[in-house]
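A short write-up of the structure that comes next.
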Amino acid sequence: MRALLIVFWKELRENARDRRTVLSALLLGPVGTPLLFALMMNITLERSRVHADTPLALAVAGGEYAPNVVAFLSRSGVAVTAFSGDAAAAARVVRRHEQRLVLVIPADLPARLRAARPASVGLYTDTADTSSGPDRSRIEGLLRAYAERVAAWRLEARGLAPTLVSPLVVDEIDVASAAGRSAALLGILSYFIVFATLMGGLYVAIDATAGERERGSLEPLLTLPVARRALVFGKMLAAAAWMAVSLVLTVTAFAFSLRYIRFDLIGMTANFGARVALAIVAVMLPFVVFGAALMTLVASFTRSYREAQSWLTAVLLVPTVPIMFAALNQLAGRAGLMWVPSLSQHLLINGLLKAEPLAPSMVALSAGGTLAAGALLALAAARCYGREQILG
Amino acid sequence: MIELRALTKSFGAVQAVRDVTLTAVNGRITGLLGPNGAGKSTSLRLLYGVLRPDAGVALVDGIDVALEPDRARARLGVLPHNAGIYPHLTARENVRYFGRLLGLGGAALERRIDELSELLDMREIAERRAKGFSQGQRLKVALARALVHAPPNLVLDEPTGGLDVLATRSLREVILRLRDAGHAVLFSSHVMQEVAALCDEIVILGAGRVVAAGTPAALSAGAGGAALEDAFVAALERGAAR
């Protein structure tokens with residue numbers, strides 16, 4: 001135990017003097033990820049604001065044939081501009097992105113409307129331009145509303161109740177809480193926290209294993225009357241300590257930076273106060289142990305510093321796999337998933353952000369599963385150090 | 001005292017060391033001489049226990065390294081081939097780390113480090129970070145680290161590799177002083193002149209086997225009074241023919 005602590009303190013202090021460790025643990029994670037996140041959020045928020053506030057622009061060809069339609073669109077907040085040209089010209093300007101949407105009204109429209117025969121109008125659009133999607137749906141919705149109104153007048157004129165043709169009315173009732181709605185966006189935050197935590201210990205794990213071997217300081221160390229287990233666990237503990245520092249700083253940075261994101265603009269709130277921050281750190285602590293053991297084990301197998309670096313960069317992506325899987329399948333926190341490291345932390349953090357109460361059984365399952373996996377990895381690393389081949 | 005008895009070690013199909021027996025007694029410098037790949041480093045690694053022998057035993061002051069590795073290692077100071085030090089620690093911190101792992105500490109450890117700085121002439125680099133140290137400075141720190149617990153036995157694996165003339169000479173003086181203080185010094189090299197200048201006993205390794213052993217004078221006499229270099233070559237040829 002004494003030897004373990006000596007190794008731990010030495011790795012802790014030595015790495016505090018290493019620029020790479022300090023940059024990745026104290027800067028990249030805690031400053032970089034909140035910045036990146038704030039940037040992503042602001043772009044998302046700006047976009048949704050743009051769509052809600054700016055008047056919808058629509059070029060209309062043949063507006064003189066349907067003044068009622070044009071008037072209806074203008075009343076609904078659409079900035080209608082006249083477009084002179086036929087269908088081919090409309091297709092051309094849309095393809096060239098000179099206009100995003102062009103509505104072409106044919107000359108026979110008034111006659112067809114009067115005869116109560118179906119009349120077709122052409123809406124020219126480029127679906128490859130994804131940013132025009134919301135505008136297109138709005139125009140389509142408005143035109144459908146206009147058509148329904150005309151249909152209702154026709155039925156009334158023939159003495160029928162318009163409700164006859166509406167056997168089913170769908171009312172959409174959104175029960176998502178404001179915090180819940182932001183959680184969809186905030187879901188990515190848990191990965192940032194996992195990433196920053198791993199980053200904090202990355203270079204410590206490399207330096208203490210592959211780095212030590214490459215430098216030639218491992219062999220002298222192994223000639224000492226010290227149990228190899230004590231050496232490995234000391235190194236692992238040092239990596240875990242750096243990861244914990246990175247975790248606390250990152251969560252703190254998020255707690256502050258999220259205040260400056262205008263979630264209220266889209267009717268959301270970020271449930272990220274001091275208590276949630278503390279809970280996130282607590283939920284993540286078992287993952288710190290797991291991550292330190294994982295990175296130490298992987299780095300122990302590599303032959304050089306560079307090789308360790310490329311392998312551990314891959315390890316940084318491993319936790320994304322279950323998180324992506326959960327996001328794509330819309331998985332909620334279930335007992336069956338709670339033993340998976342990184343996935344369980346992701347689900348618990350998401351729950352916290354949605355202001356859901358933490359179920360003690362879920363937290364216990366997550367901590368237990370993660371710590372058990374971490375213990376297995378730590379034992380494997382200790383075995384790896386017991387082998388003759390460790391000297392490379 | 002260091003004793004190797006009939007040590008044998010294979011890596012897969014390659015027999016690195018075959019039946020190596022040698023003794024390094026206190027107060028004498030024993031040189032392990034041999035060309036590259038003769039099994040010098042493997043023999044020494046078997047001695048300080050980072051490799052386990054397939055057969056044979058290694059004893060440090062009569063303690064079997066395989067049975068009581070920690071007790072044996074506590075009586076052994078080791079300078080492995082190309083030993084590295086920690087670049088972000090000062091020379092003193094490098095030595096202190098090993099001292100603490102060996103169970104030393106406090107004022108006694110600091111006094112010991114001062115003593116070693118004096119012995120190895122490294123006072124002016126003691127408080128400097130090791131990053132950017134010359135090969136000779138790094139070697140001094142590694143040697144101080146190996147000596148921090150005042151081990152009665154010392155193993156040096158090719159310590160002069162990469163050193164300039166001055167650094168080699170000062171290392172030689174240190175080794176002689178340690179011998180005079182009663183240490184058993186076992187020292188490997190592939191440079192014949194170096195071994196001849198320094199060693200009281202020479203063990204010549206060829207292709208994993210001991211091909212000759214004795215004092216420099218006895219080895220020359222065995223080769224019909226030839227110069228030591230010829231004796232070395234003759235011994236290797238006899239070993240290869242066997």
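Ligands are numbered from 1 in the order shown, chains are lettered A, B, ... in the order of the structure tokens, and residues start at 1 in each chain.
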
Open item on the list: as a list in words, could you give me every residue of chain B near chain A (at most 6 Å apart, counting only C-alpha atoms)?
Closed with: Leu51, Asp70, Arg73, Ala74, Ala83, Gly84, Ile85, His88 and Leu101 of chain B

Task: Per-residue DSSP, stretch 81-242 of chain B, filtered to alpha helix (DSSP H), as number ranges by chain - done: B: 91-101, 106-119, 135-147, 165-180, 192-198, 216-222, 228-241

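Atom to atom, atom CA of B:Ala107 and atom CA of B:Glu93 stand 14.0 Å apart.
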
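Interatomic distance, atom CA of B:His149 to atom CA of B:Leu102: 7.0 Å.
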
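Omitting stretch 232-240 of chain A and its sequence neighbours fewer than 5 positions away, and counting only C-alpha atoms, the residues within 7 Å are Leu4, Leu5, Val7, Phe8, Glu11, Leu12, Gly201, Val204, Ala205, Ala208, Val288, Val289, Ala292, Ala293, Thr296 and Ala382 of chain A.
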
Open item on the list: as a VMD selection string, please: the residues near B:Glu127 (cut-off 12 Å, only C-alpha atoms, same-chain neighbours under 4 positions excluded).
Closed with: chain B and resid 88 to 96 113 to 114 117 122 to 123 131 141

Open item on the list: Give me, as a VMD selection string, all polymer residues having an atom no more than 12 Å from A:Leu189, counting only C-alpha atoms and skipping those fewer than 5 positions away in the same chain.
Closed with: chain A and resid 33 to 38 40 to 41 182 to 184 194 to 196 250 to 251 254 to 255 258 270 272 280 320 323 345 to 347 349 to 350 352 to 353

- [ ] May I have the residues within 10 Å of B:Ser134 as a PyMOL selection string, using only C-alpha atoms and disregarding those fewer than 5 positions away in the same chain?
- [x] chain B and resi 139-140+163

Given the selection you just returned, output its residues as a file containing N, CA and C atoms, formatted as a CSV table (one decimal), in the first residue's frame.
```csv
chain,number,residue,atom,x,y,z
B,139,LEU,N,23.2,9.1,-16.9
B,139,LEU,CA,23.8,7.8,-16.4
B,139,LEU,C,24.1,8.0,-14.9
B,140,LYS,N,24.6,9.2,-14.6
B,140,LYS,CA,24.9,9.5,-13.1
B,140,LYS,C,23.7,9.3,-12.3
B,163,LEU,N,28.8,6.9,-23.9
B,163,LEU,CA,29.5,7.9,-23.1
B,163,LEU,C,30.7,8.3,-23.8
```

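Residue neighbourhood of B:Arg179, excluding near-sequence residues (fewer than 6 positions): Gly27, Arg28, Ile29 and Val185 of chain B, at 7 Å, using only C-alpha atoms.
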